[in-house]
Amino acid sequence: TYSNELAFQTVEKELDIKFSEVFELLQTEPVAAASIGQVYKARLKSNGDIVALKIQRPNCEDVIALDLYVLRWWSGVANAIVTLLNRDINVQSIIDDFGELIYRELDYVAEAANAQRFNELYAGVTDVFVPKVYSELTTSKVLTMEWVDGFRLTDSASLEAYNLDRKKLVDILVQCSLRQILENGFFHADPHAGNLLACED
C-alpha cells in the first residue's frame, strides 16, 4: 500500500474537490490493495451512499512506462536469440501487446464504462448484481462505485454460515459466463475471487 495522504491527494487533484467535504472514510486503511491501486470504503456526504473508492497509485504510469521500455529493449536481445534458434516468434510484438493491455488497465474511465455496460446487460437477470458507477466521481485515476457487502466465493466458512448453495452459485457463474460469450460478446476477462462476491441475499 501507499500512504492515505498520497491517495487522497490524487482524489482531490483528479476530482477537483476537498476530500473531506465529499467523502467520509468508514475504514481508515484500504480494504484492498494491488500493484496499480488500492480501494477504500467510504460514505458520500451528499447522500449517505456507501461506496468503494479505487485510487490509482501515484506515478503508476511513469513506473510502468519505464518497465516497458526496459522490457522492450531486452526483447530486442531475445529476438536476436530467437532468430538464431530459427524460431518464428517476435518477442517485441508480444511486449507491445502486453504494454497496450497494461495501459488499458490504468484507465479507470474504461473500467467504469465496462461496469456500466455490464449493468445494462444484466439489469434484469436474477441472482446477478453489478454495482453502480458514480461517473461524476470517476476519472482515469479514481473510480467510485457502489459498495457491495459480500464475501469471496472461496470463503467456505461464510458460504456455510449463510447456507448458500454452492452448486447454485456454480450454475449462476457458468450461465453468466456462457451468456457473456455466446449471447452478448462482452465478457469479464478477470473473474478471480476478489472480483466476484457472494451476497447473503
# chains A, B, ... in the order shown; residues from 1 in each chain; ligands from 1

call {"tool": "residues_around", "arguments": {"residues": "region 183-186 of chain A", "least_positions_apart": "4", "cutoff": "12 Å", "atoms": "only C-alpha atoms", "output": "CSV table (one decimal) with N, CA and C atoms, in the first residue's frame"}}
result
chain,number,residue,atom,x,y,z
A,114,ASN,N,-17.0,-0.2,-18.8
A,114,ASN,CA,-17.3,-1.7,-18.8
A,114,ASN,C,-18.3,-2.1,-17.8
A,115,ALA,N,-18.1,-1.6,-16.6
A,115,ALA,CA,-19.1,-1.9,-15.5
A,115,ALA,C,-20.5,-1.4,-15.8
A,117,ARG,N,-21.7,-1.0,-18.8
A,117,ARG,CA,-22.2,-1.9,-19.8
A,117,ARG,C,-22.7,-3.2,-19.2
A,118,PHE,N,-22.0,-3.8,-18.3
A,118,PHE,CA,-22.4,-5.0,-17.6
A,118,PHE,C,-23.7,-4.8,-16.9
A,119,ASN,N,-23.8,-3.6,-16.3
A,119,ASN,CA,-25.0,-3.3,-15.5
A,119,ASN,C,-26.2,-3.3,-16.4
A,120,GLU,N,-26.1,-2.7,-17.6
A,120,GLU,CA,-27.2,-2.7,-18.6
A,120,GLU,C,-27.5,-4.1,-19.1
A,121,LEU,N,-26.5,-4.9,-19.3
A,121,LEU,CA,-26.7,-6.2,-19.9
A,121,LEU,C,-27.4,-7.2,-18.8
A,122,TYR,N,-27.1,-6.9,-17.6
A,122,TYR,CA,-27.5,-7.9,-16.5
A,122,TYR,C,-28.6,-7.3,-15.6
A,175,GLN,N,-23.7,-20.1,-16.2
A,175,GLN,CA,-24.7,-19.5,-17.1
A,175,GLN,C,-24.4,-18.0,-17.5
A,176,CYS,N,-23.9,-17.3,-16.5
A,176,CYS,CA,-23.5,-15.9,-16.7
A,176,CYS,C,-22.3,-15.9,-17.7
A,177,SER,N,-21.3,-16.8,-17.5
A,177,SER,CA,-20.2,-16.8,-18.4
A,177,SER,C,-20.6,-17.1,-19.9
A,178,LEU,N,-21.4,-18.1,-20.0
A,178,LEU,CA,-21.9,-18.5,-21.3
A,178,LEU,C,-22.7,-17.4,-22.0
A,179,ARG,N,-23.5,-16.8,-21.2
A,179,ARG,CA,-24.3,-15.6,-21.8
A,179,ARG,C,-23.3,-14.5,-22.2

call {"tool": "select_by_dssp", "arguments": {"residues": "region 43-87 of chain A", "states": "strand (DSSP E)", "output": "number ranges by chain"}}
result
A: 43-44, 50-56

call {"tool": "write_last_selection", "arguments": {"atoms": "C-alpha atoms", "output": "mmCIF file, in the first residue's frame"}}
result
data_model
loop_
_atom_site.group_PDB
_atom_site.id
_atom_site.type_symbol
_atom_site.label_atom_id
_atom_site.label_comp_id
_atom_site.auth_asym_id
_atom_site.auth_seq_id
_atom_site.Cartn_x
_atom_site.Cartn_y
_atom_site.Cartn_z
ATOM 1 C CA ARG A 43 -19.587 7.266 2.527
ATOM 2 C CA LEU A 44 -20.691 10.078 0.244
ATOM 3 C CA ILE A 50 -21.576 3.800 0.787
ATOM 4 C CA VAL A 51 -19.005 3.481 -1.969
ATOM 5 C CA ALA A 52 -15.850 1.680 -2.963
ATOM 6 C CA LEU A 53 -13.239 4.292 -3.823
ATOM 7 C CA LYS A 54 -10.472 2.914 -6.033
ATOM 8 C CA ILE A 55 -7.427 5.158 -6.285
ATOM 9 C CA GLN A 56 -4.520 4.637 -8.637
#

call {"tool": "closest_residue", "arguments": {"among": "A:Lys141, A:Arg87, A:Arg72, A:Arg57", "to": "Ala34 (chain A)", "atoms": "only C-alpha atoms"}}
result
A:Arg57

call {"tool": "select_by_dssp", "arguments": {"residues": "region 5-196 of chain A", "states": "alpha helix (DSSP H)", "output": "PDB file with C-alpha atoms, in the first residue's frame"}}
result
ATOM      1  CA  GLU A   5      -2.236  11.190   2.251  1.00  0.00           C
ATOM      2  CA  LEU A   6      -0.910  10.470  -1.247  1.00  0.00           C
ATOM      3  CA  ALA A   7      -4.079   8.588  -2.175  1.00  0.00           C
ATOM      4  CA  PHE A   8      -6.385  11.387  -1.071  1.00  0.00           C
ATOM      5  CA  GLN A   9      -4.218  13.998  -2.795  1.00  0.00           C
ATOM      6  CA  THR A  10      -4.792  12.060  -6.009  1.00  0.00           C
ATOM      7  CA  VAL A  11      -8.555  12.156  -5.424  1.00  0.00           C
ATOM      8  CA  GLU A  12      -8.516  15.889  -4.723  1.00  0.00           C
ATOM      9  CA  LYS A  13      -6.430  16.621  -7.803  1.00  0.00           C
ATOM     10  CA  GLU A  14      -8.424  14.353 -10.110  1.00  0.00           C
ATOM     11  CA  LEU A  15     -11.899  15.390  -8.947  1.00  0.00           C
ATOM     12  CA  PHE A  19     -11.642  15.021   0.063  1.00  0.00           C
ATOM     13  CA  SER A  20     -13.204  15.563   3.482  1.00  0.00           C
ATOM     14  CA  GLU A  21     -16.080  17.564   2.000  1.00  0.00           C
ATOM     15  CA  VAL A  22     -17.161  14.759  -0.340  1.00  0.00           C
ATOM     16  CA  CYS A  60       1.991   4.444 -11.765  1.00  0.00           C
ATOM     17  CA  GLU A  61       2.120   5.355 -15.453  1.00  0.00           C
ATOM     18  CA  ASP A  62       5.745   6.511 -15.205  1.00  0.00           C
ATOM     19  CA  VAL A  63       6.854   3.331 -13.454  1.00  0.00           C
ATOM     20  CA  ILE A  64       5.072   1.121 -15.981  1.00  0.00           C
ATOM     21  CA  ALA A  65       6.457   3.144 -18.903  1.00  0.00           C
ATOM     22  CA  LEU A  66       9.998   2.609 -17.606  1.00  0.00           C
ATOM     23  CA  ASP A  67       9.378  -1.104 -17.040  1.00  0.00           C
ATOM     24  CA  LEU A  68       8.011  -1.493 -20.562  1.00  0.00           C
ATOM     25  CA  TYR A  69      10.952   0.440 -22.007  1.00  0.00           C
ATOM     26  CA  VAL A  70      13.396  -1.927 -20.306  1.00  0.00           C
ATOM     27  CA  LEU A  71      11.369  -4.993 -21.313  1.00  0.00           C
ATOM     28  CA  ARG A  72      11.200  -3.797 -24.902  1.00  0.00           C
ATOM     29  CA  TRP A  73      14.967  -3.242 -25.003  1.00  0.00           C
ATOM     30  CA  TRP A  74      15.615  -6.748 -23.686  1.00  0.00           C
ATOM     31  CA  SER A  75      13.053  -8.159 -26.090  1.00  0.00           C
ATOM     32  CA  GLY A  76      15.311  -6.962 -28.906  1.00  0.00           C
ATOM     33  CA  VAL A  77      18.058  -9.152 -27.461  1.00  0.00           C
ATOM     34  CA  ALA A  78      15.575 -12.007 -27.104  1.00  0.00           C
ATOM     35  CA  ASN A  79      14.533 -11.569 -30.750  1.00  0.00           C
ATOM     36  CA  ALA A  80      18.143 -11.986 -31.850  1.00  0.00           C
ATOM     37  CA  ILE A  81      18.436 -15.213 -29.853  1.00  0.00           C
ATOM     38  CA  VAL A  82      15.094 -16.494 -31.162  1.00  0.00           C
ATOM     39  CA  THR A  83      16.242 -15.783 -34.732  1.00  0.00           C
ATOM     40  CA  LEU A  84      19.441 -17.772 -34.136  1.00  0.00           C
ATOM     41  CA  VAL A  91       9.187 -11.051 -28.676  1.00  0.00           C
ATOM     42  CA  GLN A  92       8.968  -7.275 -29.144  1.00  0.00           C
ATOM     43  CA  SER A  93       5.489  -7.648 -30.593  1.00  0.00           C
ATOM     44  CA  ILE A  94       4.447  -9.673 -27.544  1.00  0.00           C
ATOM     45  CA  ILE A  95       5.799  -6.960 -25.225  1.00  0.00           C
ATOM     46  CA  ASP A  96       3.976  -4.284 -27.248  1.00  0.00           C
ATOM     47  CA  ASP A  97       0.679  -6.158 -26.919  1.00  0.00           C
ATOM     48  CA  PHE A  98       1.310  -6.630 -23.205  1.00  0.00           C
ATOM     49  CA  GLY A  99       2.018  -2.904 -22.839  1.00  0.00           C
ATOM     50  CA  GLU A 100      -1.219  -1.988 -24.586  1.00  0.00           C
ATOM     51  CA  LEU A 101      -3.195  -4.208 -22.216  1.00  0.00           C
ATOM     52  CA  ILE A 102      -1.440  -2.760 -19.166  1.00  0.00           C
ATOM     53  CA  TYR A 103      -2.254   0.798 -20.222  1.00  0.00           C
ATOM     54  CA  ARG A 104      -5.904  -0.165 -20.641  1.00  0.00           C
ATOM     55  CA  GLU A 105      -5.845  -1.413 -17.045  1.00  0.00           C
ATOM     56  CA  TYR A 108     -10.450   3.718 -14.720  1.00  0.00           C
ATOM     57  CA  VAL A 109     -12.843   5.534 -17.070  1.00  0.00           C
ATOM     58  CA  ALA A 110     -12.700   2.498 -19.365  1.00  0.00           C
ATOM     59  CA  GLU A 111     -13.233   0.223 -16.364  1.00  0.00           C
ATOM     60  CA  ALA A 112     -16.249   2.306 -15.343  1.00  0.00           C
ATOM     61  CA  ALA A 113     -17.680   2.112 -18.867  1.00  0.00           C
ATOM     62  CA  ASN A 114     -17.290  -1.673 -18.827  1.00  0.00           C
ATOM     63  CA  ALA A 115     -19.058  -1.885 -15.461  1.00  0.00           C
ATOM     64  CA  GLN A 116     -21.903   0.274 -16.750  1.00  0.00           C
ATOM     65  CA  ARG A 117     -22.235  -1.912 -19.839  1.00  0.00           C
ATOM     66  CA  PHE A 118     -22.387  -4.995 -17.618  1.00  0.00           C
ATOM     67  CA  ASN A 119     -25.019  -3.272 -15.521  1.00  0.00           C
ATOM     68  CA  GLU A 120     -27.152  -2.679 -18.609  1.00  0.00           C
ATOM     69  CA  LEU A 121     -26.716  -6.240 -19.876  1.00  0.00           C
ATOM     70  CA  TYR A 122     -27.537  -7.869 -16.530  1.00  0.00           C
ATOM     71  CA  SER A 156     -16.156 -21.729   2.619  1.00  0.00           C
ATOM     72  CA  ALA A 157     -16.949 -20.671   6.186  1.00  0.00           C
ATOM     73  CA  SER A 158     -19.189 -17.805   5.031  1.00  0.00           C
ATOM     74  CA  LEU A 159     -20.882 -19.950   2.392  1.00  0.00           C
ATOM     75  CA  GLU A 160     -21.776 -22.434   5.108  1.00  0.00           C
ATOM     76  CA  ALA A 161     -22.726 -19.771   7.659  1.00  0.00           C
ATOM     77  CA  ARG A 166     -22.530 -23.943  -3.837  1.00  0.00           C
ATOM     78  CA  LYS A 167     -23.994 -25.814  -6.784  1.00  0.00           C
ATOM     79  CA  LYS A 168     -26.388 -22.947  -7.444  1.00  0.00           C
ATOM     80  CA  LEU A 169     -23.514 -20.448  -7.288  1.00  0.00           C
ATOM     81  CA  VAL A 170     -21.536 -22.502  -9.802  1.00  0.00           C
ATOM     82  CA  ASP A 171     -24.593 -22.748 -12.063  1.00  0.00           C
ATOM     83  CA  ILE A 172     -25.043 -18.963 -11.916  1.00  0.00           C
ATOM     84  CA  LEU A 173     -21.381 -18.410 -12.804  1.00  0.00           C
ATOM     85  CA  VAL A 174     -21.479 -20.880 -15.689  1.00  0.00           C
ATOM     86  CA  GLN A 175     -24.733 -19.473 -17.095  1.00  0.00           C
ATOM     87  CA  CYS A 176     -23.457 -15.929 -16.722  1.00  0.00           C
ATOM     88  CA  SER A 177     -20.156 -16.782 -18.435  1.00  0.00           C
ATOM     89  CA  LEU A 178     -21.890 -18.546 -21.317  1.00  0.00           C
TER      90      LEU A 178
END

call {"tool": "atom_distance", "arguments": {"atom1": "CA of Leu197 (chain A)", "atom2": "CA of Leu143 (chain A)"}}
result
18.6 Å

call {"tool": "closest_residue", "arguments": {"among": "A:Asn47, A:Glu24, A:Asp201, A:Asp190", "to": "Thr126 (chain A)", "atoms": "only C-alpha atoms"}}
result
A:Asp201

call {"tool": "closest_residue", "arguments": {"among": "A:Val133, A:Ala32, A:Leu182, A:Leu26", "to": "Asn195 (chain A)", "atoms": "only C-alpha atoms"}}
result
A:Ala32

call {"tool": "atom_distance", "arguments": {"atom1": "CA of Asp149 (chain A)", "atom2": "CA of Glu200 (chain A)"}}
result
8.4 Å
